$ cat my_file_2.cif   # mmCIF, C-alpha atoms and all ligand atoms
data_input
#
loop_
_atom_site.label_atom_id
_atom_site.label_comp_id
_atom_site.auth_asym_id
_atom_site.auth_seq_id
_atom_site.Cartn_x
_atom_site.Cartn_y
_atom_site.Cartn_z
CA MET A 20 -124.42 29.70 -65.65
CA ALA A 21 -122.84 30.81 -68.91
CA ASN A 22 -119.25 30.14 -69.83
CA ALA A 23 -117.84 32.37 -72.55
CA ASN A 24 -114.90 34.69 -72.90
CA ARG A 25 -115.48 38.16 -71.57
CA GLY A 26 -116.19 41.51 -73.16
CA ALA A 27 -118.01 40.21 -76.27
CA ALA A 28 -121.29 41.59 -77.64
CA PHE A 29 -123.29 38.38 -77.07
CA HIS A 30 -125.46 37.35 -74.14
CA SER A 31 -123.38 34.59 -72.52
CA SER A 32 -120.29 36.83 -72.48
CA ALA A 33 -122.28 39.55 -70.69
CA LEU A 34 -123.39 36.96 -68.12
CA VAL A 35 -119.76 36.08 -67.38
CA ASP A 36 -118.96 39.80 -66.99
CA GLU A 37 -121.81 39.99 -64.46
CA LEU A 38 -120.52 36.90 -62.64
CA MET A 39 -117.00 38.36 -62.37
CA ALA A 40 -118.37 41.68 -61.08
CA ARG A 41 -120.42 39.85 -58.45
CA ALA A 42 -117.48 37.67 -57.43
CA GLY A 43 -115.25 40.75 -57.02
CA SER A 44 -117.86 42.56 -54.97
CA LEU A 45 -118.61 39.59 -52.64
CA CYS A 46 -114.88 38.95 -52.15
CA ALA A 47 -114.30 42.62 -51.29
CA ASP A 48 -117.00 42.32 -48.59
CA PHE A 49 -115.51 39.02 -47.43
CA PHE A 50 -112.03 40.51 -47.08
CA GLY A 51 -113.22 43.80 -45.58
CA ILE A 52 -111.78 45.97 -48.36
CA ASP A 53 -113.32 49.00 -50.00
CA ASP A 54 -113.00 48.30 -53.72
CA PRO A 55 -113.66 45.18 -55.86
CA ARG A 56 -110.93 46.30 -58.28
CA ARG A 57 -108.51 45.22 -55.57
CA VAL A 58 -109.60 41.55 -55.85
CA ILE A 59 -107.39 39.39 -58.09
CA PHE A 60 -108.31 35.83 -59.04
CA GLY A 61 -105.87 33.10 -60.03
CA PRO A 62 -105.46 29.32 -60.16
CA ASN A 63 -104.52 28.93 -56.48
CA MET A 64 -102.85 30.86 -53.66
CA THR A 65 -99.36 29.55 -54.47
CA THR A 66 -99.39 30.70 -58.10
CA LEU A 67 -100.67 34.16 -57.14
CA ALA A 68 -97.92 34.51 -54.51
CA PHE A 69 -95.21 33.64 -57.08
CA HIS A 70 -96.85 36.10 -59.50
CA LEU A 71 -96.68 38.88 -56.91
CA ALA A 72 -93.12 37.95 -55.94
CA ASP A 73 -92.02 38.23 -59.58
CA ALA A 74 -93.62 41.68 -59.79
CA ILE A 75 -91.82 42.77 -56.61
CA VAL A 76 -88.32 41.71 -57.81
CA PRO A 77 -87.60 45.03 -59.63
CA GLU A 78 -88.39 46.88 -56.37
CA LEU A 79 -85.54 45.07 -54.59
CA SER A 80 -81.78 45.67 -54.66
CA PRO A 81 -78.87 43.69 -53.25
CA GLY A 82 -78.65 44.39 -49.53
CA ASP A 83 -82.39 44.97 -49.15
CA GLU A 84 -84.04 42.65 -46.66
CA ILE A 85 -87.06 40.38 -46.82
CA VAL A 86 -88.60 38.91 -43.66
CA VAL A 87 -90.36 35.53 -43.82
CA SER A 88 -91.83 33.64 -40.89
CA ARG A 89 -91.10 30.17 -39.58
CA LEU A 90 -94.83 29.70 -38.86
CA ASP A 91 -95.88 29.91 -42.50
CA HIS A 92 -96.95 27.44 -45.16
CA ASP A 93 -94.16 27.28 -47.73
CA ALA A 94 -96.47 28.86 -50.35
CA HIS A 95 -95.95 32.11 -48.45
CA VAL A 96 -92.20 31.61 -48.01
CA SER A 97 -90.74 30.16 -51.22
CA PRO A 98 -92.14 32.98 -53.43
CA TRP A 99 -90.23 35.50 -51.29
CA LEU A 100 -87.08 33.33 -51.27
CA HIS A 101 -87.38 33.25 -55.06
CA ALA A 102 -87.69 37.07 -55.15
CA ALA A 103 -84.62 37.35 -52.89
CA ARG A 104 -82.56 35.00 -55.10
CA ARG A 105 -83.48 36.96 -58.22
CA SER A 106 -82.81 40.39 -56.71
CA GLY A 107 -79.87 39.74 -54.39
CA ALA A 108 -81.96 40.71 -51.34
CA THR A 109 -81.13 39.12 -47.99
CA VAL A 110 -83.65 36.87 -46.23
CA ARG A 111 -84.28 37.23 -42.50
CA HIS A 112 -86.40 34.77 -40.54
CA LEU A 113 -89.07 35.66 -38.01
CA ASP A 114 -89.25 32.74 -35.57
CA PHE A 115 -92.33 31.81 -33.57
CA CYS A 116 -92.38 31.73 -29.78
CA ARG A 117 -91.96 28.16 -28.48
CA HIS A 118 -94.44 28.77 -25.61
CA SER A 119 -97.30 30.54 -27.40
CA PHE A 120 -96.53 29.00 -30.83
CA THR A 121 -97.31 32.34 -32.43
CA LEU A 122 -95.48 35.32 -33.94
CA GLN A 123 -94.79 38.14 -31.51
CA PRO A 124 -94.47 41.88 -32.21
CA ASP A 125 -91.27 42.17 -30.11
CA MET A 126 -89.70 39.33 -32.11
CA LEU A 127 -90.63 41.10 -35.36
CA ALA A 128 -89.14 44.35 -34.07
CA ARG A 129 -85.81 42.52 -33.65
CA VAL A 130 -85.59 41.30 -37.29
CA ILE A 131 -86.62 44.45 -39.17
CA GLY A 132 -84.49 47.46 -40.03
CA PRO A 133 -84.04 50.36 -42.46
CA ARG A 134 -83.38 47.97 -45.38
CA THR A 135 -86.53 45.82 -44.83
CA ARG A 136 -88.59 45.93 -48.04
CA LEU A 137 -91.01 43.06 -47.58
CA ILE A 138 -92.50 41.31 -44.55
CA GLY A 139 -94.62 38.19 -45.04
CA PHE A 140 -96.45 36.18 -42.42
CA THR A 141 -99.50 34.04 -41.98
CA ALA A 142 -102.67 35.02 -40.09
CA ALA A 143 -103.09 31.47 -38.76
CA SER A 144 -100.84 28.42 -38.79
CA ASN A 145 -102.12 25.56 -40.94
CA ALA A 146 -99.86 23.21 -38.98
CA LEU A 147 -100.30 24.21 -35.33
CA GLY A 148 -103.60 26.11 -35.37
CA SER A 149 -102.05 29.25 -33.81
CA LEU A 150 -103.64 32.62 -34.45
CA VAL A 151 -101.26 35.47 -35.12
CA PRO A 152 -101.76 39.04 -33.79
CA VAL A 153 -101.87 40.44 -37.33
CA LYS A 154 -102.82 44.01 -36.48
CA GLU A 155 -100.12 44.39 -33.81
CA LEU A 156 -97.47 42.90 -36.09
CA ILE A 157 -98.43 45.21 -38.95
CA LYS A 158 -98.11 48.20 -36.59
CA VAL A 159 -94.52 47.15 -35.94
CA ALA A 160 -93.95 46.52 -39.67
CA ARG A 161 -95.07 50.11 -40.37
CA THR A 162 -91.96 51.43 -38.64
CA THR A 163 -90.29 50.42 -41.95
CA ASN A 164 -91.34 51.12 -45.55
CA ALA A 165 -91.85 47.40 -46.20
CA ILE A 166 -94.68 45.84 -48.18
CA VAL A 167 -96.65 43.61 -45.78
CA SER A 168 -98.14 40.41 -47.17
CA ILE A 169 -100.53 38.27 -45.14
CA ASP A 170 -101.42 34.66 -45.89
CA GLY A 171 -105.05 34.23 -44.84
CA THR A 172 -105.49 30.79 -46.38
CA HIS A 173 -105.84 28.94 -43.08
CA PHE A 174 -107.54 31.85 -41.32
CA ALA A 175 -110.49 32.31 -43.69
CA PRO A 176 -112.37 29.02 -43.02
CA HIS A 177 -112.47 29.89 -39.30
CA LEU A 178 -112.53 33.69 -38.99
CA LEU A 179 -113.57 36.63 -41.12
CA PRO A 180 -110.60 38.51 -42.64
CA GLU A 181 -110.22 42.24 -41.86
CA VAL A 182 -107.71 43.22 -44.50
CA ASP A 183 -108.17 47.02 -44.42
CA SER A 184 -108.60 47.23 -40.69
CA TRP A 185 -105.32 45.26 -40.36
CA ASP A 186 -103.71 47.65 -42.88
CA ALA A 187 -102.27 44.76 -44.96
CA ASP A 188 -100.73 45.59 -48.34
CA PHE A 189 -101.47 42.13 -49.75
CA PHE A 190 -103.67 39.31 -48.57
CA PHE A 191 -104.04 35.80 -49.97
CA CYS A 192 -106.54 33.02 -49.59
CA SER A 193 -107.84 30.00 -51.43
CA ALA A 194 -111.53 29.23 -51.93
CA TYR A 195 -111.26 25.46 -51.45
CA LYS A 196 -110.24 26.13 -47.84
CA PHE A 197 -113.52 27.93 -47.19
CA PHE A 198 -115.76 25.29 -48.73
CA GLY A 199 -115.53 26.43 -52.37
CA PRO A 200 -113.69 25.17 -55.45
CA HIS A 201 -110.01 25.54 -56.39
CA VAL A 202 -109.61 29.27 -57.00
CA GLY A 203 -106.88 31.44 -55.50
CA ILE A 204 -107.61 35.04 -54.49
CA MET A 205 -105.30 37.94 -53.74
CA ALA A 206 -106.25 41.38 -52.47
CA GLY A 207 -103.88 44.31 -52.68
CA LYS A 208 -103.76 48.01 -51.91
CA ILE A 209 -104.56 50.10 -54.98
CA ASN A 210 -101.21 51.94 -54.97
CA TRP A 211 -99.24 48.66 -55.22
CA LEU A 212 -101.62 47.05 -57.69
CA GLU A 213 -101.28 50.09 -59.95
CA SER A 214 -97.57 50.74 -59.56
CA LEU A 215 -96.10 47.21 -59.69
CA ASN A 216 -95.64 45.73 -63.13
CA PRO A 217 -96.91 42.11 -63.20
CA ALA A 218 -96.18 39.80 -66.16
CA ARG A 219 -99.12 40.08 -68.57
CA VAL A 220 -100.14 40.05 -72.22
CA ARG A 221 -100.31 43.44 -73.96
CA PRO A 222 -104.10 43.38 -74.66
CA ALA A 223 -104.75 42.93 -70.91
CA GLY A 224 -104.09 46.65 -70.58
CA GLU A 225 -103.68 48.64 -67.39
CA LYS A 226 -107.10 48.46 -65.78
CA LEU A 227 -107.58 46.76 -62.42
CA PRO A 228 -108.06 43.95 -61.67
CA VAL A 229 -107.36 42.59 -65.17
CA ARG A 230 -103.75 43.76 -65.33
CA TRP A 231 -102.97 41.14 -62.65
CA MET A 232 -105.07 38.25 -64.00
CA THR A 233 -103.13 36.15 -66.49
CA GLY A 234 -105.22 34.53 -69.23
CA THR A 235 -108.80 33.38 -69.17
CA GLN A 236 -110.06 32.87 -65.66
CA ASN A 237 -111.66 29.71 -64.27
CA HIS A 238 -115.20 31.13 -64.60
CA GLU A 239 -116.90 27.92 -63.48
CA GLY A 240 -114.67 27.85 -60.37
CA ILE A 241 -115.42 31.51 -59.69
CA ALA A 242 -119.18 30.75 -59.97
CA GLY A 243 -118.54 28.10 -57.28
CA LEU A 244 -116.66 30.66 -55.18
CA VAL A 245 -119.72 32.98 -55.33
CA ALA A 246 -121.89 30.05 -54.21
CA ALA A 247 -119.49 29.26 -51.34
CA LEU A 248 -119.59 32.86 -50.10
CA GLU A 249 -123.39 32.92 -50.37
CA TYR A 250 -123.49 29.65 -48.41
CA LEU A 251 -121.32 31.20 -45.66
CA ALA A 252 -123.56 34.29 -45.51
CA GLU A 253 -126.61 32.02 -45.16
CA LEU A 254 -125.14 30.71 -41.90
CA GLY A 255 -125.63 34.20 -40.46
CA ASP A 256 -128.57 36.56 -39.96
CA ASP A 257 -130.65 37.18 -43.04
CA GLN A 258 -130.66 40.95 -42.52
CA GLY A 259 -128.14 43.62 -43.41
CA GLY A 260 -125.52 43.86 -46.10
CA PHE A 261 -123.35 40.97 -47.22
CA ARG A 262 -120.45 41.83 -44.88
CA SER A 263 -122.70 42.07 -41.83
CA ARG A 264 -124.34 38.73 -42.72
CA LEU A 265 -120.86 37.22 -42.95
CA GLN A 266 -119.98 38.79 -39.59
CA SER A 267 -122.91 37.10 -37.88
CA ALA A 268 -122.16 33.82 -39.70
CA TYR A 269 -118.56 33.86 -38.53
CA GLN A 270 -119.65 34.64 -34.98
CA ARG A 271 -121.71 31.44 -35.07
CA ILE A 272 -118.89 29.50 -36.71
CA ALA A 273 -116.40 30.71 -34.09
CA GLY A 274 -118.80 29.88 -31.24
CA HIS A 275 -119.36 26.36 -32.53
CA GLU A 276 -115.65 25.75 -33.17
CA ALA A 277 -114.77 27.07 -29.71
CA ASN A 278 -117.13 24.50 -28.23
CA LEU A 279 -115.55 21.69 -30.28
CA THR A 280 -112.10 22.92 -29.22
CA ARG A 281 -113.13 22.86 -25.55
CA ILE A 282 -114.28 19.23 -25.92
CA PHE A 283 -111.05 18.38 -27.76
CA PHE A 284 -109.03 19.79 -24.83
CA GLU A 285 -111.14 17.96 -22.24
CA ARG A 286 -110.31 14.67 -23.92
CA LEU A 287 -106.67 15.67 -24.49
CA ARG A 288 -106.28 16.18 -20.74
CA THR A 289 -107.70 12.77 -19.81
CA GLN A 290 -104.88 10.89 -21.54
CA ASN A 291 -101.07 10.84 -21.67
CA SER A 292 -100.30 9.17 -25.02
CA TRP A 293 -100.79 12.11 -27.36
CA LYS A 294 -99.06 15.44 -26.90
CA LEU A 295 -100.38 18.64 -28.45
CA ILE A 296 -97.84 20.78 -30.33
CA GLY A 297 -99.40 24.24 -30.47
CA PRO A 298 -101.25 26.74 -28.29
CA ASN A 299 -102.20 24.61 -25.30
CA GLN A 300 -105.33 26.46 -24.18
CA SER A 301 -108.74 26.22 -25.78
CA ASP A 302 -108.96 30.07 -25.72
CA PRO A 303 -110.44 30.98 -29.13
CA THR A 304 -108.42 34.20 -29.29
CA THR A 305 -105.21 32.19 -29.51
CA ARG A 306 -106.09 29.36 -31.83
CA VAL A 307 -108.39 27.83 -34.40
CA ALA A 308 -109.63 24.24 -34.25
CA THR A 309 -106.54 22.75 -35.92
CA PHE A 310 -104.54 20.41 -33.70
CA ALA A 311 -101.06 18.99 -34.26
CA LEU A 312 -100.26 15.89 -32.26
CA SER A 313 -97.24 13.75 -31.63
CA GLY A 314 -97.77 10.38 -30.04
CA PRO A 315 -96.83 6.76 -29.61
CA VAL A 316 -97.37 5.91 -33.30
CA PRO A 317 -95.51 7.63 -36.21
CA PRO A 318 -97.74 10.30 -37.83
CA ARG A 319 -98.24 8.49 -41.15
CA GLN A 320 -99.11 5.22 -39.41
CA ALA A 321 -101.57 7.05 -37.13
CA ALA A 322 -103.20 8.77 -40.13
CA GLU A 323 -103.59 5.39 -41.85
CA ALA A 324 -105.15 3.86 -38.73
CA LEU A 325 -107.56 6.82 -38.45
CA ALA A 326 -108.42 6.52 -42.17
CA LYS A 327 -109.39 2.86 -41.62
CA ARG A 328 -111.87 4.16 -39.04
CA GLY A 329 -113.28 6.69 -41.52
CA ILE A 330 -111.47 9.69 -39.97
CA CYS A 331 -109.59 12.03 -42.32
CA SER A 332 -106.34 13.43 -40.93
CA TYR A 333 -103.02 14.54 -42.39
CA SER A 334 -99.48 13.56 -41.48
CA GLY A 335 -96.11 15.12 -42.28
CA ASN A 336 -95.55 18.85 -42.77
CA PHE A 337 -98.71 19.90 -44.70
CA TYR A 338 -96.27 22.10 -46.70
CA ALA A 339 -95.64 24.08 -43.50
CA LEU A 340 -92.03 22.99 -43.92
CA PRO A 341 -90.66 25.98 -41.95
CA VAL A 342 -92.65 24.76 -38.91
CA THR A 343 -91.50 21.13 -38.94
CA GLU A 344 -87.93 22.24 -39.63
CA ALA A 345 -88.03 24.77 -36.77
CA LEU A 346 -89.34 22.09 -34.43
CA GLY A 347 -86.66 19.61 -35.61
CA ILE A 348 -89.22 16.95 -36.55
CA GLU A 349 -89.11 17.05 -40.34
CA SER A 350 -86.89 13.97 -40.66
CA SER A 351 -88.93 11.97 -38.15
CA GLY A 352 -92.21 12.19 -40.06
CA GLY A 353 -93.55 15.55 -38.86
CA LEU A 354 -96.89 15.70 -37.12
CA LEU A 355 -100.35 14.20 -37.11
CA ARG A 356 -102.87 16.97 -37.79
CA VAL A 357 -106.56 16.78 -37.03
CA GLY A 358 -109.09 19.58 -37.02
CA ALA A 359 -112.66 20.72 -37.05
CA VAL A 360 -114.70 23.23 -39.00
CA HIS A 361 -118.27 24.47 -38.57
CA TYR A 362 -119.96 21.32 -39.86
CA ASN A 363 -118.20 18.97 -37.45
CA THR A 364 -119.99 17.77 -34.32
CA ALA A 365 -119.15 17.10 -30.68
CA GLU A 366 -119.84 13.41 -31.34
CA GLU A 367 -117.15 13.43 -34.05
CA ILE A 368 -114.58 14.89 -31.64
CA HIS A 369 -115.33 12.05 -29.22
CA ARG A 370 -115.11 9.52 -32.05
CA LEU A 371 -111.70 10.95 -32.98
CA TRP A 372 -110.42 10.60 -29.41
CA ASP A 373 -111.85 7.09 -29.08
CA ALA A 374 -109.90 6.19 -32.23
CA LEU A 375 -106.70 7.90 -30.98
CA ASP A 376 -107.02 6.03 -27.68
CA ALA A 377 -107.50 2.75 -29.56
CA ILE A 378 -104.39 3.13 -31.71
CA SER A 379 -102.05 4.27 -28.93
C1 LIG B 401 -101.80 28.38 -44.87
C2 LIG B 401 -101.76 27.99 -46.31
N1 LIG B 401 -101.24 28.85 -47.19
C3 LIG B 401 -101.18 28.56 -48.50
C4 LIG B 401 -101.65 27.36 -49.00
C5 LIG B 401 -101.54 27.10 -50.47
O1 LIG B 401 -102.79 27.25 -51.07
P1 LIG B 401 -103.05 26.72 -52.55
O2 LIG B 401 -103.21 25.23 -52.44
O3 LIG B 401 -104.31 27.42 -52.98
O4 LIG B 401 -101.88 27.10 -53.39
C6 LIG B 401 -102.22 26.43 -48.12
C7 LIG B 401 -102.70 25.14 -48.60
O5 LIG B 401 -102.73 24.16 -47.88
C8 LIG B 401 -102.28 26.76 -46.73
O6 LIG B 401 -102.81 25.93 -45.83
#

$ encode --input "my_file_2.cif" --output "C-alpha cells" --more "lines below"
Ligand SMILES: Cc1ncc(COP(=O)(O)O)c(C=O)c1O
Amino acid sequence: MANANRGAAFHSSALVDELMARAGSLCADFFGIDDPRRVIFGPNMTTLAFHLADAIVPELSPGDEIVVSRLDHDAHVSPWLHAARRSGATVRHLDFCRHSFTLQPDMLARVIGPRTRLIGFTAASNALGSLVPVKELIKVARTTNAIVSIDGTHFAPHLLPEVDSWDADFFFCSAYKFFGPHVGIMAGKINWLESLNPARVRPAGEKLPVRWMTGTQNHEGIAGLVAALEYLAELGDDQGGFRSRLQSAYQRIAGHEANLTRIFFERLRTQNSWKLIGPNQSDPTTRVATFALSGPVPPRQAAEALAKRGICSYSGNFYALPVTEALGIESSGGLLRVGAVHYNTAEEIHRLWDALDAIS
C-alpha cells in the first residue's frame, strides 16, 4: 500500500489514485448505485451528515419544513436541526409506532406537506433493532419535492443496501460498523451532488466526487474499507460480479443472524426478568439481531456485570437520544443493548442468556 497525495506524477501517488478508484467502485456496488462518482468519503458518518446539512441550508427558507424521525441516531437528526436553525425552517417529527417499533408510511403521510423540503430517517434502528420499510416510506416522501436522506449505518452490517432501488437522494454509512476501519461514506444522486454547493477549497474544483471531499482523505482507512468489502464478498459465492457476490454473502449473513435471533427469542420467552423493547417477533423482515432490554438491574450496572463475564454490551442511549426520549427512559439510564453479527455463535447467545439470568 502506498500513501502519498493524489494526482502527482510519481508512482506512489498513482497507486493512491488507483486505490481511490477501486474504493469508489466497490462502494458503488455495495450501495447498489450506478456511478462511483456518487460515492463521497469522509472522517465518519456524523461529519458527512453535518457537511451535507450545511450545503442544504441555502435551499431552505423560513416556513419550509424538515422531517426527522424519533427512531434515528442523533447523527441523522442534529445535522438537520442545525440546518433548520440556520435557515429558519420548521422541524416536524416522525414518531415510530409503539407496537411495531418502526416508522410507518401512514404516519409519514401525516407529517409531510407542500412545504416539506427534507425528510430524514434511518433504515434500521441502532437502539431497538427495528427495520424500516424504506422503499414504502420513500414512495410517500415522493408526494413532496423533499430531499430524502437515509441513514444506513446500522443497516449495512446486517443487510445489503439498495440505494437506487429505494430511490434515496442521500445515503450514509460508516465502515467500522461493517467490520472495516473508521471511514464515513455518503452516496448521493448526481443532480444533488452537482447542484448543491458544499464548503470546499478552490483547487478542489467542480468534479465529482472531489468537490464534496474536504482535504486529504484517510487513504490508509480507505484501503482498510476496500479490504472489509472484499472480506464481505468472500463470505458469498465466488462467482459473478462484486454486487452479486455481496448479495449471496448477505443472504448467508441474514440466514445465520435469523437463526441467532430465533435462539435469542427462545431464551427470552423462558424467563420473566428481562423485557425486550423493540419488535417482539424473530421475523427477519422486521428486525436485525440488535436487542434492547430493560430488566431488574439498571442498564449500566447490567453492562458492567456482563463485561466482567467477558460479554460486550452497551447501556444508555447509544446516541439514539430521540428513541430514549420518546420512550421516556432517558433520565432512568436508557436501555441495555446486546446484539449479534455474522461471526457470533449460538453458543454465545446461550452464554449471554446464562449471564443475564445470573445477574437478575
Ligand atoms: C445508526 C447510526 N447512525 C450514525 C452513527 C454515527 O456514525 P459515526 O460514528 O461514523 O459518525 C452511528 C454510530 O453509532 C449509528 O449507529

$ closest_atom_pairs --input "my_file_2.cif" --of "chain A" --to "ligand LIG 401 (chain B)" --cutoff "7 Å" --atoms "all atoms listed in the file" --output "JSON lines"
{"residue": "A:Asn63", "atom": "CA", "partner": "B:LIG401", "partner_atom": "O3", "distance": 3.8}
{"residue": "A:Met64", "atom": "CA", "partner": "B:LIG401", "partner_atom": "O3", "distance": 3.8}
{"residue": "A:Thr65", "atom": "CA", "partner": "B:LIG401", "partner_atom": "O4", "distance": 3.7}
{"residue": "A:Thr66", "atom": "CA", "partner": "B:LIG401", "partner_atom": "O4", "distance": 6.4}
{"residue": "A:Asp91", "atom": "CA", "partner": "B:LIG401", "partner_atom": "C1", "distance": 6.6}
{"residue": "A:His92", "atom": "CA", "partner": "B:LIG401", "partner_atom": "C1", "distance": 4.9}
{"residue": "A:Ala94", "atom": "CA", "partner": "B:LIG401", "partner_atom": "C3", "distance": 5.1}
{"residue": "A:His95", "atom": "CA", "partner": "B:LIG401", "partner_atom": "C3", "distance": 6.3}
{"residue": "A:Thr141", "atom": "CA", "partner": "B:LIG401", "partner_atom": "C1", "distance": 6.8}
{"residue": "A:Ala143", "atom": "CA", "partner": "B:LIG401", "partner_atom": "C1", "distance": 7.0}
{"residue": "A:Ser144", "atom": "CA", "partner": "B:LIG401", "partner_atom": "C1", "distance": 6.2}
{"residue": "A:Asn145", "atom": "CA", "partner": "B:LIG401", "partner_atom": "C1", "distance": 4.8}
{"residue": "A:Asp170", "atom": "CA", "partner": "B:LIG401", "partner_atom": "N1", "distance": 6.0}
{"residue": "A:Gly171", "atom": "CA", "partner": "B:LIG401", "partner_atom": "C1", "distance": 6.7}
{"residue": "A:Thr172", "atom": "CA", "partner": "B:LIG401", "partner_atom": "C1", "distance": 4.7}
{"residue": "A:His173", "atom": "CA", "partner": "B:LIG401", "partner_atom": "C1", "distance": 4.5}
{"residue": "A:Cys192", "atom": "CA", "partner": "B:LIG401", "partner_atom": "O3", "distance": 6.9}
{"residue": "A:Ser193", "atom": "CA", "partner": "B:LIG401", "partner_atom": "O3", "distance": 4.6}
{"residue": "A:His201", "atom": "CA", "partner": "B:LIG401", "partner_atom": "O3", "distance": 6.9}
{"residue": "A:Val202", "atom": "CA", "partner": "B:LIG401", "partner_atom": "O3", "distance": 6.9}
{"residue": "A:Gly203", "atom": "CA", "partner": "B:LIG401", "partner_atom": "O3", "distance": 5.4}
{"residue": "A:Phe337", "atom": "CA", "partner": "B:LIG401", "partner_atom": "O5", "distance": 6.7}
{"residue": "A:Tyr338", "atom": "CA", "partner": "B:LIG401", "partner_atom": "O5", "distance": 6.9}

$ closest_residue --input "my_file_2.cif" --among "A:Phe310, A:Phe115, A:Phe191, A:Phe29" --to "Phe60 (chain A)" --atoms "all atoms listed in the file"
A:Phe191

$ closest_residue --input "my_file_2.cif" --among "A:Gln236, A:Ser32, A:Ser168, A:Thr135" --to "Glu78 (chain A)" --atoms "all atoms listed in the file"
A:Thr135

$ residues_around --input "my_file_2.cif" --residues "Phe120 (chain A)" --least-positions-apart "3" --cutoff "9 Å" --atoms "all atoms listed in the file" --output "PDB file with C-alpha atoms, in the frame of the given file"
ATOM      1  CA  LEU A  90     -94.830  29.700 -38.860  1.00  0.00           C
ATOM      2  CA  PHE A 115     -92.330  31.810 -33.570  1.00  0.00           C
ATOM      3  CA  CYS A 116     -92.380  31.730 -29.780  1.00  0.00           C
ATOM      4  CA  ARG A 117     -91.960  28.160 -28.480  1.00  0.00           C
ATOM      5  CA  LEU A 147    -100.300  24.210 -35.330  1.00  0.00           C
ATOM      6  CA  GLY A 148    -103.600  26.110 -35.370  1.00  0.00           C
ATOM      7  CA  SER A 149    -102.050  29.250 -33.810  1.00  0.00           C
ATOM      8  CA  LEU A 150    -103.640  32.620 -34.450  1.00  0.00           C
ATOM      9  CA  ILE A 296     -97.840  20.780 -30.330  1.00  0.00           C
ATOM     10  CA  GLY A 297     -99.400  24.240 -30.470  1.00  0.00           C
ATOM     11  CA  PRO A 298    -101.250  26.740 -28.290  1.00  0.00           C
TER      12      PRO A 298
END

$ atom_distance --input "my_file_2.cif" --atom1 "CA of Met126 (chain A)" --atom2 "CA of Leu295 (chain A)"
23.6 Å

$ closest_residue --input "my_file_2.cif" --among "A:His238, A:Arg104, A:Arg136, A:His177" --to "Arg161 (chain A)" --atoms "all atoms listed in the file"
A:Arg136

$ closest_residue --input "my_file_2.cif" --among "A:Val357, A:Leu248, A:Ala74, A:Leu227" --to "Leu45 (chain A)" --atoms "only C-alpha atoms"
A:Leu248

$ atom_distance --input "my_file_2.cif" --atom1 "CA of Ser313 (chain A)" --atom2 "CA of Leu354 (chain A)"
5.8 Å

$ closest_residue --input "my_file_2.cif" --among "A:Phe174, A:Arg25, A:His112, A:Ala365" --to "Gly234 (chain A)" --atoms "only C-alpha atoms"
A:Arg25

$ atom_distance --input "my_file_2.cif" --atom1 "CA of Asp376 (chain A)" --atom2 "CA of Pro318 (chain A)"
14.4 Å

$ residues_near_point --input "my_file_2.cif" --point "(-119.0, 30.0, -51.8)" --cutoff "7 Å" --atoms "all atoms listed in the file" --output "PyMOL selection string"
chain A and resi 198-199+243-251
